[in-house]
file model05.csv (CSV, C-alpha atoms)
chain,number,residue,atom,x,y,z
A,1,MET,CA,11.8,-4.2,23.3
A,2,SER,CA,8.5,-4.1,25.1
A,3,PRO,CA,5.5,-5.3,23.2
A,4,LEU,CA,3.5,-2.9,21.1
A,5,PRO,CA,-0.2,-2.5,21.7
A,6,LEU,CA,-1.8,-4.9,19.3
A,7,GLN,CA,-5.1,-3.2,19.6
A,8,GLY,CA,-3.6,0.0,18.4
A,9,LEU,CA,-1.8,-1.7,15.5
A,10,VAL,CA,-5.0,-3.4,14.3
A,11,VAL,CA,-7.0,-0.1,14.5
A,12,LEU,CA,-4.2,1.7,12.6
A,13,SER,CA,-4.3,-0.9,9.8
A,14,HIS,CA,-8.1,-0.6,9.7
A,15,ALA,CA,-7.8,3.2,9.4
A,16,VAL,CA,-5.2,3.0,6.6
A,17,PHE,CA,-7.4,0.5,4.8
A,18,CYS,CA,-10.5,2.7,5.1
A,19,LEU,CA,-8.5,5.8,4.0
A,20,GLY,CA,-7.3,3.9,0.9
A,21,LEU,CA,-10.9,2.9,0.1
A,22,TYR,CA,-12.0,6.5,0.4
A,23,GLY,CA,-9.2,7.6,-2.0
A,24,MET,CA,-10.2,4.8,-4.4
A,25,LEU,CA,-13.8,6.0,-4.3
A,26,THR,CA,-13.2,9.7,-4.7
A,27,ARG,CA,-10.2,10.1,-6.9
A,28,ARG,CA,-10.9,10.8,-10.6
A,29,ASN,CA,-7.3,10.6,-11.6
A,30,ALA,CA,-6.2,7.0,-12.3
A,31,ILE,CA,-2.7,7.6,-10.8
A,32,GLY,CA,-4.4,8.8,-7.6
A,33,MET,CA,-6.5,5.7,-7.5
A,34,LEU,CA,-3.3,3.6,-7.8
A,35,LEU,CA,-1.8,5.5,-4.8
A,36,ALA,CA,-5.0,4.6,-2.8
A,37,VAL,CA,-4.6,0.9,-3.8
A,38,GLU,CA,-1.0,1.0,-2.4
A,39,LEU,CA,-2.4,2.2,0.9
A,40,ILE,CA,-4.9,-0.7,1.0
A,41,LEU,CA,-2.2,-3.3,0.2
A,42,ASN,CA,0.1,-1.8,2.9
A,43,ALA,CA,-2.7,-2.1,5.5
A,44,ALA,CA,-3.0,-5.8,4.6
A,45,ALA,CA,0.7,-6.3,4.8
A,46,MET,CA,0.8,-4.6,8.2
A,47,ASN,CA,-1.9,-6.9,9.5
A,48,PHE,CA,0.1,-10.0,8.3
A,49,VAL,CA,3.2,-8.8,10.1
A,50,VAL,CA,1.3,-8.0,13.3
A,51,PHE,CA,-0.3,-11.4,13.5
A,52,GLY,CA,2.8,-13.2,12.4
A,53,ARG,CA,4.6,-11.5,15.4
A,54,LEU,CA,1.8,-12.3,17.8
A,55,PHE,CA,1.9,-16.0,17.0
A,56,SER,CA,5.6,-16.0,16.3
A,57,HIS,CA,4.8,-17.6,13.0
A,58,VAL,CA,7.2,-17.1,10.0
A,59,GLN,CA,4.5,-17.2,7.3
A,60,GLY,CA,3.1,-13.8,8.4
A,61,GLN,CA,6.2,-12.1,7.2
A,62,ALA,CA,6.5,-14.4,4.1
A,63,PHE,CA,3.0,-13.4,3.0
A,64,ALA,CA,3.7,-9.7,3.7
A,65,LEU,CA,6.7,-10.1,1.4
A,66,PHE,CA,4.4,-11.6,-1.3
A,67,ILE,CA,2.0,-8.7,-0.9
A,68,ILE,CA,4.9,-6.2,-1.4
A,69,ALA,CA,6.0,-8.1,-4.5
A,70,LEU,CA,2.5,-8.2,-6.0
A,71,ALA,CA,2.0,-4.5,-5.2
A,72,ALA,CA,5.2,-3.9,-7.3
A,73,CYS,CA,3.7,-5.9,-10.2
A,74,GLU,CA,0.4,-4.1,-9.9
A,75,ALA,CA,2.0,-0.7,-10.0
A,76,VAL,CA,4.1,-1.6,-13.0
A,77,VAL,CA,1.2,-2.8,-15.0
A,78,GLY,CA,-1.2,-0.1,-13.8
A,79,LEU,CA,1.3,2.7,-14.8
A,80,ALA,CA,1.9,1.1,-18.2
A,81,ILE,CA,-1.8,1.2,-18.8
A,82,ILE,CA,-2.0,4.8,-17.7
A,83,ILE,CA,0.9,5.8,-19.9
A,84,LYS,CA,-0.8,4.1,-22.9
A,85,LEU,CA,-4.1,5.8,-21.9
A,86,THR,CA,-2.5,9.2,-22.1
A,87,ARG,CA,-1.3,8.4,-25.6
A,88,VAL,CA,-4.5,6.8,-26.9
A,89,ALA,CA,-7.3,8.6,-25.0
A,90,LYS,CA,-5.4,11.8,-24.1
A,91,THR,CA,-6.6,11.6,-20.5
A,92,VAL,CA,-5.6,10.5,-17.1
A,93,TYR,CA,-9.1,10.6,-15.6
A,94,ALA,CA,-10.8,7.3,-15.1
A,95,ASP,CA,-14.3,8.8,-15.8
A,96,ASP,CA,-13.3,9.9,-19.3
A,97,VAL,CA,-12.3,6.4,-20.4
A,98,ASN,CA,-15.6,5.0,-21.7
A,99,VAL,CA,-14.8,3.3,-25.0
A,100,LEU,CA,-13.9,-0.3,-25.1
A,101,ARG,CA,-12.5,-0.3,-28.6
A,102,GLY,CA,-10.2,2.6,-29.0
B,103,MET,CA,9.1,4.3,25.6
B,104,SER,CA,8.2,1.8,22.9
B,105,PHE,CA,4.6,2.9,23.1
B,106,THR,CA,5.6,6.6,22.6
B,107,VAL,CA,7.6,5.7,19.5
B,108,PHE,CA,4.8,3.6,18.2
B,109,ALA,CA,2.3,6.4,18.8
B,110,LEU,CA,4.5,8.8,16.9
B,111,PHE,CA,4.9,6.6,13.9
B,112,ALA,CA,1.2,5.7,13.9
B,113,ALA,CA,0.3,9.4,13.9
B,114,LEU,CA,2.8,9.9,11.0
B,115,VAL,CA,1.2,7.1,9.0
B,116,LEU,CA,-2.3,8.3,9.7
B,117,VAL,CA,-1.6,12.0,8.8
B,118,SER,CA,0.3,11.1,5.6
B,119,ALA,CA,-2.4,8.6,4.5
B,120,ILE,CA,-5.0,11.3,4.9
B,121,TRP,CA,-2.8,13.6,2.8
B,122,VAL,CA,-2.5,10.8,0.1
B,123,VAL,CA,-6.2,10.7,-0.4
B,124,THR,CA,-7.1,14.4,0.1
B,125,LEU,CA,-4.4,16.5,-1.4
B,126,ARG,CA,-5.4,18.0,-4.7
B,127,ASN,CA,-1.9,18.1,-6.1
B,128,LEU,CA,-1.0,14.6,-7.2
B,129,PHE,CA,2.7,15.1,-6.9
B,130,ARG,CA,2.3,16.0,-3.2
B,131,ALA,CA,0.0,13.1,-2.7
B,132,ALA,CA,2.7,10.8,-4.1
B,133,LEU,CA,5.3,12.3,-1.7
B,134,SER,CA,2.9,11.8,1.2
B,135,LEU,CA,2.5,8.2,0.2
B,136,GLY,CA,6.3,7.9,0.5
B,137,LEU,CA,6.0,9.3,4.0
B,138,ALA,CA,3.3,6.8,4.9
B,139,LEU,CA,5.3,3.9,3.5
B,140,LEU,CA,8.3,5.0,5.6
B,141,GLY,CA,6.1,5.1,8.7
B,142,VAL,CA,4.9,1.6,8.0
B,143,ALA,CA,8.5,0.5,7.6
B,144,ALA,CA,9.3,2.0,11.0
B,145,ILE,CA,6.4,0.0,12.5
B,146,PHE,CA,7.8,-3.1,10.9
B,147,LEU,CA,11.1,-2.3,12.6
B,148,LEU,CA,9.3,-1.9,15.9
B,149,LEU,CA,7.6,-5.3,15.3
B,150,GLU,CA,11.1,-6.8,14.9
B,151,ALA,CA,10.6,-7.5,11.2
B,152,GLU,CA,13.8,-5.9,10.1
B,153,PHE,CA,14.1,-7.6,6.7
B,154,LEU,CA,10.6,-6.6,5.8
B,155,ALA,CA,11.2,-3.0,6.8
B,156,PHE,CA,14.2,-2.8,4.4
B,157,VAL,CA,12.3,-4.6,1.6
B,158,GLN,CA,9.5,-2.1,2.2
B,159,ILE,CA,11.9,0.9,1.8
B,160,LEU,CA,13.8,-0.6,-1.1
B,161,VAL,CA,10.8,-1.8,-3.1
B,162,TYR,CA,8.1,0.7,-2.2
B,163,VAL,CA,10.0,3.9,-1.6
B,164,GLY,CA,12.8,3.1,-3.9
B,165,ALA,CA,11.0,1.5,-6.9
B,166,ILE,CA,7.3,2.0,-6.8
B,167,LEU,CA,7.3,5.6,-5.7
B,168,THR,CA,9.9,6.5,-8.3
B,169,LEU,CA,7.8,4.9,-10.9
B,170,VAL,CA,4.6,6.7,-9.8
B,171,ILE,CA,6.4,10.1,-9.7
B,172,PHE,CA,7.7,9.3,-13.2
B,173,ALA,CA,4.2,8.6,-14.4
B,174,ILE,CA,2.9,11.8,-12.8
B,175,MET,CA,5.5,13.8,-14.6
B,176,LEU,CA,4.9,12.1,-17.9
B,177,THR,CA,1.2,12.8,-17.7
B,178,ALA,CA,1.6,16.3,-16.1
B,179,LYS,CA,0.4,18.0,-19.3
B,180,LEU,CA,-3.0,16.3,-19.2
B,181,GLN,CA,-3.6,17.1,-15.5
B,182,THR,CA,-5.3,20.3,-15.3
B,183,ALA,CA,-4.2,22.5,-12.4
B,184,VAL,CA,-7.7,23.0,-11.1
B,185,ASP,CA,-9.8,20.0,-12.0
B,186,VAL,CA,-13.4,20.6,-11.2
B,187,PRO,CA,-15.1,18.6,-10.0
B,188,SER,CA,-12.1,16.7,-8.6
B,189,ARG,CA,-14.0,14.4,-6.4
B,190,ARG,CA,-17.0,12.1,-6.9
B,191,GLN,CA,-19.5,12.0,-4.1
B,192,PRO,CA,-17.0,12.8,-1.3
B,193,VAL,CA,-19.6,12.9,1.4
B,194,ALA,CA,-21.1,9.6,0.6
B,195,ALA,CA,-17.7,8.0,0.2
B,196,ALA,CA,-16.6,9.4,3.6
B,197,LEU,CA,-19.8,8.2,5.3
B,198,ALA,CA,-19.3,4.7,3.8
B,199,CYS,CA,-15.7,4.5,4.8
B,200,THR,CA,-16.4,5.7,8.3
B,201,ALA,CA,-19.1,3.2,8.6
B,202,LEU,CA,-16.8,0.4,7.4
B,203,PHE,CA,-14.1,1.6,9.9
B,204,ALA,CA,-16.6,1.6,12.7
B,205,VAL,CA,-17.7,-2.0,11.8
B,206,LEU,CA,-14.1,-3.2,11.6
B,207,VAL,CA,-13.2,-1.6,15.0
B,208,ALA,CA,-16.3,-3.0,16.6
B,209,ALA,CA,-15.5,-6.4,15.3
B,210,THR,CA,-12.0,-6.4,16.8
B,211,TRP,CA,-12.4,-4.2,19.8
B,212,GLY,CA,-14.0,-6.8,22.1
B,213,LEU,CA,-11.3,-9.4,21.5
B,214,SER,CA,-8.8,-9.9,24.2
B,215,TRP,CA,-5.3,-9.3,22.9
B,216,SER,CA,-2.6,-10.9,24.9
B,217,PRO,CA,0.7,-9.1,24.5
B,218,TYR,CA,3.0,-11.1,22.3
B,219,PRO,CA,5.9,-12.9,23.9
B,220,ALA,CA,9.1,-10.8,24.0
B,221,GLY,CA,12.3,-12.1,22.4
B,222,ASP,CA,10.4,-14.6,20.3
B,223,ALA,CA,10.7,-12.8,16.9
B,224,VAL,CA,10.9,-14.6,13.6
B,225,ASN,CA,14.5,-14.5,12.5
B,226,LEU,CA,15.7,-14.0,8.9
B,227,SER,CA,17.1,-17.5,8.4
B,228,ALA,CA,13.8,-19.0,9.3
B,229,LEU,CA,12.0,-16.8,6.9
B,230,GLY,CA,14.5,-17.7,4.1
B,231,ARG,CA,14.1,-21.4,4.8
B,232,GLU,CA,10.3,-21.1,4.8
B,233,LEU,CA,10.4,-19.4,1.4
B,234,VAL,CA,12.3,-22.2,-0.2
B,235,GLU,CA,10.7,-25.1,1.6
B,236,THR,CA,7.1,-24.8,2.6
B,237,LEU,CA,6.3,-21.8,0.4
B,238,VAL,CA,8.4,-22.7,-2.6
B,239,LEU,CA,5.4,-22.9,-4.9
B,240,PRO,CA,4.0,-19.4,-4.1
B,241,PHE,CA,7.5,-18.1,-4.3
B,242,GLU,CA,8.0,-19.4,-7.8
B,243,VAL,CA,4.6,-18.3,-8.9
B,244,ILE,CA,5.5,-14.8,-7.7
B,245,SER,CA,8.6,-14.8,-9.9
B,246,LEU,CA,6.4,-16.0,-12.9
B,247,VAL,CA,4.0,-13.1,-12.1
B,248,PHE,CA,7.0,-10.7,-12.1
B,249,VAL,CA,8.1,-11.8,-15.6
B,250,ALA,CA,4.5,-11.6,-16.9
B,251,ALA,CA,4.1,-8.2,-15.4
B,252,VAL,CA,7.3,-6.8,-16.9
B,253,VAL,CA,6.6,-8.3,-20.3
B,254,GLY,CA,3.0,-7.1,-20.2
B,255,ALA,CA,4.0,-3.6,-19.1
B,256,ILE,CA,6.5,-3.3,-22.0
B,257,ALA,CA,4.0,-4.7,-24.5
B,258,ILE,CA,1.3,-2.3,-23.3
B,259,ALA,CA,3.4,0.9,-23.1
B,260,ALA,CA,5.6,0.4,-26.1
B,261,ARG,CA,5.1,2.7,-29.1
B,262,ARG,CA,4.0,0.9,-32.2

call {"tool": "encode", "arguments": {"input": "model05.csv", "output": "structure tokens"}}
result
Amino acid sequence: MSPLPLQGLVVLSHAVFCLGLYGMLTRRNAIGMLLAVELILNAAAMNFVVFGRLFSHVQGQAFALFIIALAACEAVVGLAIIIKLTRVAKTVYADDVNVLRG
Amino acid sequence: MSFTVFALFAALVLVSAIWVVTLRNLFRAALSLGLALLGVAAIFLLLEAEFLAFVQILVYVGAILTLVIFAIMLTAKLQTAVDVPSRRQPVAAALACTALFAVLVAATWGLSWSPYPAGDAVNLSALGRELVETLVLPFEVISLVFVAAVVGAIAIAARR
């Protein structure tokens, strides 16, 4: 397989990261923010794989694996908090959650 | 040939990532996230990281996306069909993100990228050995984090 353009891969991961950041900043819905975080984490994992391939180093893929595992943990805990939020505060919008002691 | 395939999947990832952050309907945004994750898995395959591509599909598309769609359906009653205003400061956020993108590209554009050596990909047995030899501590910490996350999620979401 002929090598992929590394420049293009890095720019792609930058673009996905910035799109995730944009979603994080503009979404009001907490689940929407979680989706944006997944984009950011995926951009980071992609960078790890690209540079692991460039230097033929095994730890690039190993850390991409760790990122995927931590993203799964983050999604589980985040969604549990959102489910609880819908029950306690009756909202899914991050702006409406403004009490510390419910 | 390889470049054409890469360009196709890169376009797929970009377009679906834009959908993820701009679609008003959250369910459609979640489905576009699935598309973006599949595109990233395809790019992993092109980078000869086959195991990671399958982990990506199994964990992200199989587990996380299912969970997210579950949560969207559970909270569907609270999500108003037309939420006004649905965005906070979209113009300012877009400007900030474009500026960050420009800075990142400017920082990496001037670097000289040598094409990576062909046929020198990391194989799966080396990855497995690395995980239980050099990286055994992070590996075990991840499993601890998993247990903590599952117990925490149940403790938070359980009805009392």

call {"tool": "residues_near_point", "arguments": {"input": "model05.csv", "point": "(-1.3, 5.1, -22.6)", "cutoff": "10 Å", "atoms": "all atoms listed in the file", "output": "number ranges by chain"}}
result
A: 79-92; B: 177, 258-261

call {"tool": "write_last_selection", "arguments": {"input": "model05.csv", "atoms": "C-alpha atoms", "output": "PDB file, keeping the file's coordinate frame"}}
result
ATOM      1  CA  LEU A  79       1.300   2.700 -14.800  1.00  0.00           C
ATOM      2  CA  ALA A  80       1.900   1.100 -18.200  1.00  0.00           C
ATOM      3  CA  ILE A  81      -1.800   1.200 -18.800  1.00  0.00           C
ATOM      4  CA  ILE A  82      -2.000   4.800 -17.700  1.00  0.00           C
ATOM      5  CA  ILE A  83       0.900   5.800 -19.900  1.00  0.00           C
ATOM      6  CA  LYS A  84      -0.800   4.100 -22.900  1.00  0.00           C
ATOM      7  CA  LEU A  85      -4.100   5.800 -21.900  1.00  0.00           C
ATOM      8  CA  THR A  86      -2.500   9.200 -22.100  1.00  0.00           C
ATOM      9  CA  ARG A  87      -1.300   8.400 -25.600  1.00  0.00           C
ATOM     10  CA  VAL A  88      -4.500   6.800 -26.900  1.00  0.00           C
ATOM     11  CA  ALA A  89      -7.300   8.600 -25.000  1.00  0.00           C
ATOM     12  CA  LYS A  90      -5.400  11.800 -24.100  1.00  0.00           C
ATOM     13  CA  THR A  91      -6.600  11.600 -20.500  1.00  0.00           C
ATOM     14  CA  VAL A  92      -5.600  10.500 -17.100  1.00  0.00           C
TER      15      VAL A  92
ATOM     16  CA  THR B 177       1.200  12.800 -17.700  1.00  0.00           C
ATOM     17  CA  ILE B 258       1.300  -2.300 -23.300  1.00  0.00           C
ATOM     18  CA  ALA B 259       3.400   0.900 -23.100  1.00  0.00           C
ATOM     19  CA  ALA B 260       5.600   0.400 -26.100  1.00  0.00           C
ATOM     20  CA  ARG B 261       5.100   2.700 -29.100  1.00  0.00           C
TER      21      ARG B 261
END

call {"tool": "closest_atom_pairs", "arguments": {"input": "model05.csv", "of": "chain A", "to": "chain B", "cutoff": "6 Å", "atoms": "all atoms listed in the file", "output": "CSV"}}
result
residue,atom,partner,partner_atom,distance
A:Cys18,CA,B:Cys199,CA,5.5
A:Tyr22,CA,B:Ala195,CA,5.9
A:Gly23,CA,B:Val123,CA,4.6
A:Thr26,CA,B:Arg190,CA,5.0
A:Arg27,CA,B:Arg189,CA,5.8
A:Leu54,CA,B:Tyr218,CA,4.8
A:Val58,CA,B:Leu229,CA,5.7
A:Cys73,CA,B:Ala251,CA,5.7
A:Val77,CA,B:Ala255,CA,5.0
A:Ala80,CA,B:Ala259,CA,5.1
A:Lys84,CA,B:Ala259,CA,5.3

call {"tool": "write_last_selection", "arguments": {"input": "model05.csv", "atoms": "C-alpha atoms", "output": "PDB file, keeping the file's coordinate frame"}}
result
ATOM      1  CA  CYS A  18     -10.500   2.700   5.100  1.00  0.00           C
ATOM      2  CA  TYR A  22     -12.000   6.500   0.400  1.00  0.00           C
ATOM      3  CA  GLY A  23      -9.200   7.600  -2.000  1.00  0.00           C
ATOM      4  CA  THR A  26     -13.200   9.700  -4.700  1.00  0.00           C
ATOM      5  CA  ARG A  27     -10.200  10.100  -6.900  1.00  0.00           C
ATOM      6  CA  LEU A  54       1.800 -12.300  17.800  1.00  0.00           C
ATOM      7  CA  VAL A  58       7.200 -17.100  10.000  1.00  0.00           C
ATOM      8  CA  CYS A  73       3.700  -5.900 -10.200  1.00  0.00           C
ATOM      9  CA  VAL A  77       1.200  -2.800 -15.000  1.00  0.00           C
ATOM     10  CA  ALA A  80       1.900   1.100 -18.200  1.00  0.00           C
ATOM     11  CA  LYS A  84      -0.800   4.100 -22.900  1.00  0.00           C
TER      12      LYS A  84
END

call {"tool": "closest_residue", "arguments": {"input": "model05.csv", "among": "A:Ala44, A:Val49, A:Val16, A:Met24", "to": "Leu114 (chain B)", "atoms": "all atoms listed in the file"}}
result
A:Val16

call {"tool": "closest_residue", "arguments": {"input": "model05.csv", "among": "A:Asn98, A:Ser13, A:Gln7, A:Gln61", "to": "Leu39 (chain A)", "atoms": "only C-alpha atoms"}}
result
A:Ser13

call {"tool": "residues_near_point", "arguments": {"input": "model05.csv", "point": "(-6.8, -3.8, 9.6)", "cutoff": "7 Å", "atoms": "only C-alpha atoms", "output": "VMD selection string"}}
result
chain A and resid 10 to 14 17 43 to 44 47

call {"tool": "atom_distance", "arguments": {"input": "model05.csv", "atom1": "CA of Ala209 (chain B)", "atom2": "CA of Val50 (chain A)"}}
result
17.0 Å
